[in-house]
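Source file: my_file-v5.txt. Holds: compact mmCIF, C-alpha atoms.
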```
# COMPACT_ATOMS: atom_id res chain seq x y z
CA MET J 1 0.00 0.00 0.00
CA ILE J 2 2.84 2.39 0.83
CA GLY J 3 5.23 3.01 -2.07
CA ALA J 4 8.98 2.62 -1.80
CA ALA J 5 9.63 6.37 -1.93
CA LEU J 6 7.23 7.15 0.90
CA LEU J 7 8.51 4.24 3.00
CA SER J 8 12.09 5.45 2.45
CA THR J 9 11.09 8.90 3.61
CA VAL J 10 9.54 7.60 6.82
CA LEU J 11 12.53 5.39 7.55
CA GLY J 12 14.74 8.44 7.04
CA LEU J 13 12.65 10.34 9.58
CA ALA J 14 13.26 7.66 12.17
CA GLN J 15 17.05 8.02 11.72
CA GLY J 16 17.20 11.79 12.29
CA GLN J 17 18.43 14.06 15.02
CA GLY J 18 15.70 13.49 17.61
CA PRO J 19 16.03 11.36 20.74
CA PRO J 20 16.32 7.57 20.24
CA ASP J 21 12.62 6.98 20.86
CA SER J 22 11.50 9.81 18.55
CA PRO J 23 9.65 8.68 15.37
CA VAL J 24 10.40 11.94 13.54
CA ARG J 25 13.34 13.96 12.35
CA ARG J 26 13.79 17.39 13.87
CA VAL J 27 15.45 19.92 11.56
CA PRO J 28 16.85 23.17 13.03
CA GLN J 29 15.03 26.19 11.67
CA GLY J 30 16.70 27.50 8.51
CA GLN J 31 18.65 24.27 7.91
CA GLU J 32 16.12 22.21 5.99
CA SER J 33 17.48 19.18 4.16
CA ALA J 34 17.26 19.01 0.38
CA ALA J 35 16.21 15.37 0.70
CA GLU J 36 12.75 16.15 2.04
CA PRO J 37 10.41 15.21 -0.84
CA VAL J 38 7.11 14.97 0.98
CA GLY J 39 6.55 18.67 1.75
CA ILE J 40 6.03 18.25 5.48
CA ARG J 41 8.69 18.32 8.19
CA LEU J 42 9.24 19.01 11.85
CA GLU J 43 11.54 21.89 12.82
CA LYS J 44 12.98 23.12 16.07
CA ALA J 45 11.91 26.66 16.96
CA ARG J 46 12.30 28.90 19.99
CA GLY J 47 8.75 28.36 21.14
CA GLY J 48 8.83 24.59 20.62
CA ASP J 49 8.58 22.11 17.75
CA MET J 50 6.95 23.46 14.61
CA VAL J 51 5.35 21.47 11.78
CA VAL J 52 6.08 23.04 8.39
CA VAL J 53 3.68 22.11 5.57
CA GLU J 54 4.35 23.12 1.97
CA PRO J 55 1.41 23.85 -0.42
CA GLY J 56 2.41 21.01 -2.78
CA VAL J 57 2.21 18.21 -0.21
CA THR J 58 -0.12 15.35 -1.15
CA LEU J 59 -2.97 14.32 1.10
CA GLY J 60 -1.36 10.93 1.59
CA ASP J 61 1.98 12.38 2.73
CA LEU J 62 0.18 14.86 4.95
CA ALA J 63 -1.81 12.10 6.63
CA PHE J 64 0.95 9.48 6.83
CA VAL J 65 3.83 11.69 7.95
CA GLY J 66 1.66 14.15 9.88
CA GLU J 67 0.03 11.46 11.97
CA GLY J 68 3.52 10.09 12.61
CA PHE J 69 4.48 13.43 14.14
CA LEU J 70 1.58 12.90 16.53
CA GLY J 71 2.83 9.43 17.43
CA ARG J 72 0.17 7.59 15.45
CA VAL J 73 0.19 5.19 12.51
CA CYS J 74 -2.28 5.95 9.71
CA HIS J 75 -4.11 3.31 7.64
CA TRP J 76 -6.44 3.60 4.65
CA LYS J 77 -8.20 1.38 2.13
CA PRO J 78 -6.51 0.63 -1.24
CA GLU J 79 -9.48 2.15 -3.06
CA VAL J 80 -8.47 5.67 -1.97
CA GLU J 81 -4.74 5.21 -2.62
CA HIS J 82 -4.83 7.07 -5.93
CA ILE J 83 -6.62 10.07 -4.40
CA LEU J 84 -4.19 10.30 -1.51
CA ARG J 85 -1.15 10.05 -3.80
CA THR J 86 -2.29 12.70 -6.27
CA ALA J 87 -4.65 15.13 -4.50
CA ARG J 88 -3.34 18.26 -2.80
CA PRO J 89 -4.95 19.83 0.29
CA GLY J 90 -5.42 23.18 -1.43
CA LEU J 91 -3.14 25.28 0.78
CA SER J 92 -2.45 28.73 -0.64
CA ALA J 93 0.87 29.15 1.17
CA ARG J 94 3.39 27.41 3.38
CA GLN J 95 2.01 26.72 6.86
CA GLU J 96 3.95 26.67 10.13
CA VAL J 97 1.88 25.05 12.86
CA PRO J 98 3.04 24.49 16.47
CA LEU J 99 3.17 20.76 17.14
CA ALA J 100 0.90 21.26 20.16
CA GLU J 101 -1.81 22.61 17.81
CA PHE J 102 -1.17 20.29 14.88
CA ASP J 103 -3.78 17.68 15.83
CA PRO J 104 -6.90 19.81 15.13
CA TRP J 105 -5.11 21.54 12.22
CA ILE J 106 -4.44 18.38 10.22
CA GLU J 107 -7.94 17.04 10.91
CA THR J 108 -9.50 20.29 9.71
CA VAL J 109 -7.56 20.04 6.44
CA LEU J 110 -8.45 16.37 5.96
CA LEU J 111 -12.15 17.04 6.64
CA ALA J 112 -12.14 19.90 4.13
CA ASN J 113 -10.95 17.32 1.58
CA ASP J 114 -13.64 14.76 2.51
CA PHE J 115 -11.43 12.52 4.67
CA VAL J 116 -12.28 11.75 8.28
CA LEU J 117 -10.67 9.70 11.02
CA ILE J 118 -11.62 6.76 13.18
CA LEU J 119 -9.46 7.12 16.27
CA PRO J 120 -8.51 4.09 18.36
CA ALA J 121 -9.36 3.88 22.03
CA GLU J 122 -7.17 5.87 24.39
CA GLY J 123 -3.89 4.04 24.94
CA SER J 124 -4.49 1.59 22.10
CA GLN J 125 -1.72 0.76 19.62
CA GLU J 126 -4.20 0.35 16.76
CA PRO J 127 -3.69 2.59 13.73
CA VAL J 128 -5.80 5.63 12.94
CA GLN J 129 -8.28 4.75 10.18
CA LEU J 130 -8.45 7.33 7.37
CA VAL J 131 -11.89 7.10 5.72
CA SER J 132 -13.11 8.87 2.60
CA LEU J 133 -16.59 10.37 2.84
CA ARG J 134 -16.98 9.34 -0.80
CA GLY J 135 -15.69 5.79 -0.29
CA THR J 136 -17.43 2.49 0.33
CA ASP J 137 -16.22 2.14 3.91
CA ARG J 138 -17.89 5.34 5.18
CA ASN J 139 -20.60 3.15 6.72
CA ARG J 140 -18.11 2.21 9.44
CA LEU J 141 -18.19 5.76 10.77
CA GLN J 142 -21.57 5.44 12.48
CA SER J 143 -20.61 2.37 14.49
CA SER J 144 -17.34 4.03 15.55
CA ALA J 145 -18.86 7.37 16.70
CA ARG J 146 -17.83 8.18 20.26
CA PHE J 147 -19.88 10.05 22.85
CA VAL J 148 -18.73 13.55 23.78
CA PRO J 149 -20.63 15.64 26.39
CA ALA J 150 -22.24 18.69 24.82
CA GLU J 151 -20.30 21.14 26.99
CA GLU J 152 -16.97 19.68 25.74
CA LEU J 153 -17.73 20.05 22.02
CA PRO J 154 -16.32 23.60 21.60
CA ARG J 155 -12.96 22.40 23.00
CA TYR J 156 -12.91 18.96 21.38
CA ARG J 157 -9.61 18.56 19.48
CA HIS J 158 -10.74 16.09 16.82
CA PRO J 159 -12.92 17.96 14.28
CA ALA J 160 -12.66 15.13 11.71
CA THR J 161 -14.21 12.45 13.92
CA LEU J 162 -17.89 11.57 14.12
CA VAL J 163 -19.35 12.02 17.61
CA LEU J 164 -22.58 11.57 19.55
CA THR J 165 -24.01 13.96 22.12
CA THR J 166 -27.27 14.82 23.89
CA VAL J 167 -28.88 18.00 25.15
CA ARG J 168 -32.01 18.55 27.19
CA VAL J 169 -34.47 21.31 26.33
CA ARG J 170 -36.85 22.83 28.88
CA TYR J 171 -39.24 25.05 26.96
CA LEU J 172 -39.01 24.03 23.31
CA ASP J 173 -40.93 21.05 22.00
CA PRO J 174 -38.10 18.52 21.38
CA LYS J 175 -39.76 16.92 18.34
CA VAL J 176 -40.48 20.26 16.70
CA ALA J 177 -36.95 21.48 17.50
CA ALA J 178 -35.44 18.32 15.97
CA ALA J 179 -37.54 18.72 12.82
CA ASN J 180 -36.36 22.32 12.42
CA LEU J 181 -32.71 21.44 12.98
CA ARG J 182 -32.52 18.57 10.48
CA PRO J 183 -32.11 20.79 7.36
CA TYR J 184 -28.93 22.16 8.94
CA PHE J 185 -27.21 18.77 8.47
CA THR J 186 -25.92 18.36 4.92
CA ASP J 187 -25.24 14.60 5.12
CA PRO J 188 -28.27 13.03 6.84
CA ASN J 189 -26.79 9.53 6.59
CA LEU J 190 -24.02 10.56 8.99
CA GLU J 191 -25.35 13.68 10.71
CA ASN J 192 -28.76 13.63 12.32
CA VAL J 193 -30.87 14.66 15.29
CA SER J 194 -33.75 12.87 17.00
CA ALA J 195 -35.95 13.49 20.03
CA MET J 196 -36.51 11.17 22.97
CA GLY J 197 -38.56 12.58 25.82
CA ASP J 198 -37.25 16.06 26.60
CA THR J 199 -33.79 15.25 25.21
CA LEU J 200 -32.36 15.73 21.73
CA HIS J 201 -29.83 13.17 20.48
CA PHE J 202 -27.22 14.35 17.95
CA GLN J 203 -24.73 12.62 15.70
CA GLY J 204 -22.30 14.64 13.61
CA PHE J 205 -18.95 16.39 13.46
CA PRO J 206 -17.98 18.36 16.57
CA ARG J 207 -17.77 21.91 15.26
CA ARG J 208 -21.06 21.76 13.40
CA LEU J 209 -22.76 20.23 16.45
CA ALA J 210 -21.30 22.94 18.69
CA SER J 211 -22.80 25.65 16.46
CA CYS J 212 -26.10 23.80 16.30
CA LEU J 213 -26.31 23.46 20.09
CA THR J 214 -25.57 27.16 20.51
CA ILE J 215 -28.58 27.93 18.33
CA LEU J 216 -30.72 25.46 20.27
CA ARG J 217 -29.78 26.86 23.67
CA GLU J 218 -30.40 30.44 22.56
CA ALA J 219 -33.84 29.49 21.30
CA ASP J 220 -34.62 27.58 24.49
CA HIS J 221 -33.49 30.52 26.65
CA GLU J 222 -35.60 32.87 24.56
CA SER J 223 -38.63 30.67 25.16
CA GLU J 224 -37.79 30.50 28.88
CA ALA J 225 -37.68 34.28 29.13
CA ARG J 226 -41.05 34.54 27.44
CA ALA J 227 -42.55 31.83 29.66
CA LEU J 228 -41.28 33.46 32.87
CA ALA J 229 -42.36 36.97 31.92
CA PRO J 230 -45.26 38.27 34.04
CA PRO J 231 -48.61 37.97 32.25
CA PRO J 232 -50.18 41.18 31.01
CA ASP J 233 -52.91 42.82 33.09
CA ARG J 234 -56.13 41.37 31.71
CA GLY J 235 -58.45 43.39 33.94
CA THR J 236 -60.74 42.37 36.73
CA SER J 237 -63.20 40.53 34.50
CA ALA J 238 -60.58 38.00 33.40
CA ALA J 239 -59.19 37.69 36.94
CA GLY J 240 -62.63 36.88 38.27
CA SER J 241 -63.08 33.91 36.00
CA GLY J 242 -60.90 30.94 36.94
CA ALA J 243 -61.77 28.92 33.83
CA GLY J 244 -61.22 31.90 31.52
CA THR J 245 -57.84 32.66 33.04
CA SER J 246 -56.72 29.02 32.67
CA VAL J 247 -57.60 28.96 28.98
CA GLU J 248 -55.89 32.29 28.36
CA ASP J 249 -52.75 31.15 30.20
CA LEU J 250 -52.66 27.98 28.11
CA ALA J 251 -53.02 29.97 24.91
CA ALA J 252 -50.24 32.32 26.04
CA ARG J 253 -47.95 29.35 26.75
CA VAL J 254 -48.61 27.89 23.30
CA LYS J 255 -47.82 31.28 21.78
CA GLN J 256 -44.55 31.41 23.72
CA LEU J 257 -43.56 27.99 22.42
CA GLU J 258 -44.43 29.01 18.87
CA ASP J 259 -42.34 32.17 19.27
CA GLY J 260 -39.41 30.09 20.49
CA ILE J 261 -39.68 27.81 17.48
CA GLU J 262 -39.70 30.83 15.17
CA VAL J 263 -36.55 32.12 16.87
CA LEU J 264 -34.93 28.72 16.30
CA ARG J 265 -35.90 28.72 12.63
CA ALA J 266 -34.55 32.24 12.13
CA MET J 267 -31.22 31.36 13.77
CA ILE J 268 -30.83 28.23 11.62
CA LYS J 269 -31.64 30.20 8.47
CA GLU J 270 -29.12 32.90 9.36
CA LEU J 271 -26.36 30.39 10.19
CA THR J 272 -26.99 28.41 7.00
CA ALA J 273 -26.77 31.61 4.94
CA GLU J 274 -23.46 32.51 6.61
CA ARG J 275 -22.01 29.05 5.85
CA ARG J 276 -23.01 29.37 2.18
CA ARG J 277 -21.23 32.72 1.93
```

The structure given in the file should be rewritten as structure tokens.
Amino acid sequence: MIGAALLSTVLGLAQGQGPPDSPVRRVPQGQESAAEPVGIRLEKARGGDMVVVEPGVTLGDLAFVGEGFLGRVCHWKPEVEHILRTARPGLSARQEVPLAEFDPWIETVLLANDFVLILPAEGSQEPVQLVSLRGTDRNRLQSSARFVPAEELPRYRHPATLVLTTVRVRYLDPKVAAANLRPYFTDPNLENVSAMGDTLHFQGFPRRLASCLTILREADHESEARALAPPPDRGTSAAGSGAGTSVEDLAARVKQLEDGIEVLRAMIKELTAERRR
């Protein structure tokens, strides 16, 4: 699967200037070797190790060597070999990324080129699985999705992994909210939302889910504010009729829920328009 040239490159990395247990070659800044054909290397810098990525690097070299910098082995199906060997990530200029921030950076680039990752369990020696969203093995992504608490999504460092999460709503109708959120997901076979009781269940990629949950919480808080607002003064005639007041309060609550749903729809529409721009 791995060609002789790429294998030679990786073996060369293992024989470099780093410590004996280092899988990568560290090149002092400004002293790059001419024998670096893959367009990605690790350099020493004052602030710490820096990953340098050239615009002409192939997706395969980026994934194979880049994941090696992170201490992981990358594996992919033979059917995507040609794409990985020929496609470029579309970088407009040379990138210098601190090694500490390289994990989310490389996953963002891979996801932008329709490749996602299946990460092994913490501490496992299994390889990282590189899966094409256009390939035949994309069906494995659903069964490998891991649960991430909703509050951790904005800080989750693996944007190219499929995740599951849940969020409870208090004032919105969960089924109606789920129906209004579904158009936001562009790949319903992988990304979806469903309602169970007062809880919404999500599957998708972390950054999109984080944006979606922000919209949902704002809409739910808007409905809460409307529900907790003091009722308008209806006069003594309405106050004197218990049955009439009950019906009016129920109608007001329904109106508040409808208003919250409209807020949710407007937020989704606005966010979708921003993503298209």

inquiry  = Excluding Gly39 in chain J and its own-chain neighbours fewer than 6 positions away, which residues fall within 10 Å of it when counting all atoms listed in the file? Please give them as a PyMOL selection string.
reply    = chain J and resi 52-58+61-62+65+94

query = Pick from J:Glu43, J:Asp198, J:Asp220, J:Asp187: nearest to Leu99 in chain J, with all atoms listed in the file counted?
reply = J:Glu43

task = Quote the spacing between CA of Cys74 in chain J and CA of Glu96 in chain J in Å to one decimal place.
result = 21.6 Å

query = Between CA of Phe69 in chain J and CA of Thr86 in chain J, what is the distance, to one decimal in Å?
reply = 21.5 Å

Kindly provide the residues of range 84-181 of chain J that approach range 211-219 of chain J to within 12 Å, each paired with its closest atom pair and their distance in Å to one decimal, based on all atoms listed in the file, listed by chain and increasing number, as a tab-separated table.
```
residue	atom	partner	partner_atom	distance
J:Pro149	CA	J:Leu213	CA	11.5
J:Ala150	CA	J:Leu213	CA	7.9
J:Glu151	CA	J:Leu213	CA	9.4
J:Glu152	CA	J:Leu213	CA	11.6
J:Leu153	CA	J:Ser211	CA	9.4
J:Pro154	CA	J:Ser211	CA	8.5
J:Thr165	CA	J:Leu213	CA	10.0
J:Thr166	CA	J:Leu213	CA	9.5
J:Val167	CA	J:Leu213	CA	7.9
J:Arg168	CA	J:Arg217	CA	9.3
J:Val169	CA	J:Arg217	CA	7.7
J:Arg170	CA	J:Arg217	CA	9.7
J:Tyr171	CA	J:Ala219	CA	9.0
J:Leu172	CA	J:Ala219	CA	7.8
J:Asp173	CA	J:Ala219	CA	11.0
J:Pro174	CA	J:Leu216	CA	10.2
J:Val176	CA	J:Leu216	CA	11.6
J:Ala177	CA	J:Leu216	CA	7.9
J:Ala178	CA	J:Leu216	CA	9.6
J:Asn180	CA	J:Leu216	CA	10.2
J:Leu181	CA	J:Cys212	CA	7.8
```

All residues 9 Å or closer to Asp103 in chain J, only C-alpha atoms, same chain fewer than 4 positions away omitted, as number ranges by chain = J: 66-67, 70, 99, 107-108, 157-158

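When CA of Val128 in chain J is paired with CA of His75 in chain J, their separation reads 6.0 Å.
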
task = Measuring atom to atom with only C-alpha atoms, identify which of J:Thr136, J:Leu91, J:Phe185, J:Ala160 is nearest to Pro206 in chain J.
result = J:Ala160

ask   = Counting all atoms listed in the file, which residues come within 12 Å of (-20.7, 3.6, 13.4), with the point read in the file's coordinates, and could you list them as a PyMOL selection string?
value = chain J and resi 117-118+137-147+161-164+189-191+203-204

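You can rank J:Leu84, J:Ala93, J:Val51, J:Val73 by their closest distance to Ser124 in chain J using all atoms listed in the file, and at the top of that list sits J:Val73.
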
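You can rank J:Leu130, J:Arg85, J:Met50, J:Ala112 by their closest distance to Ala100 in chain J using only C-alpha atoms, and at the top of that list sits J:Met50.
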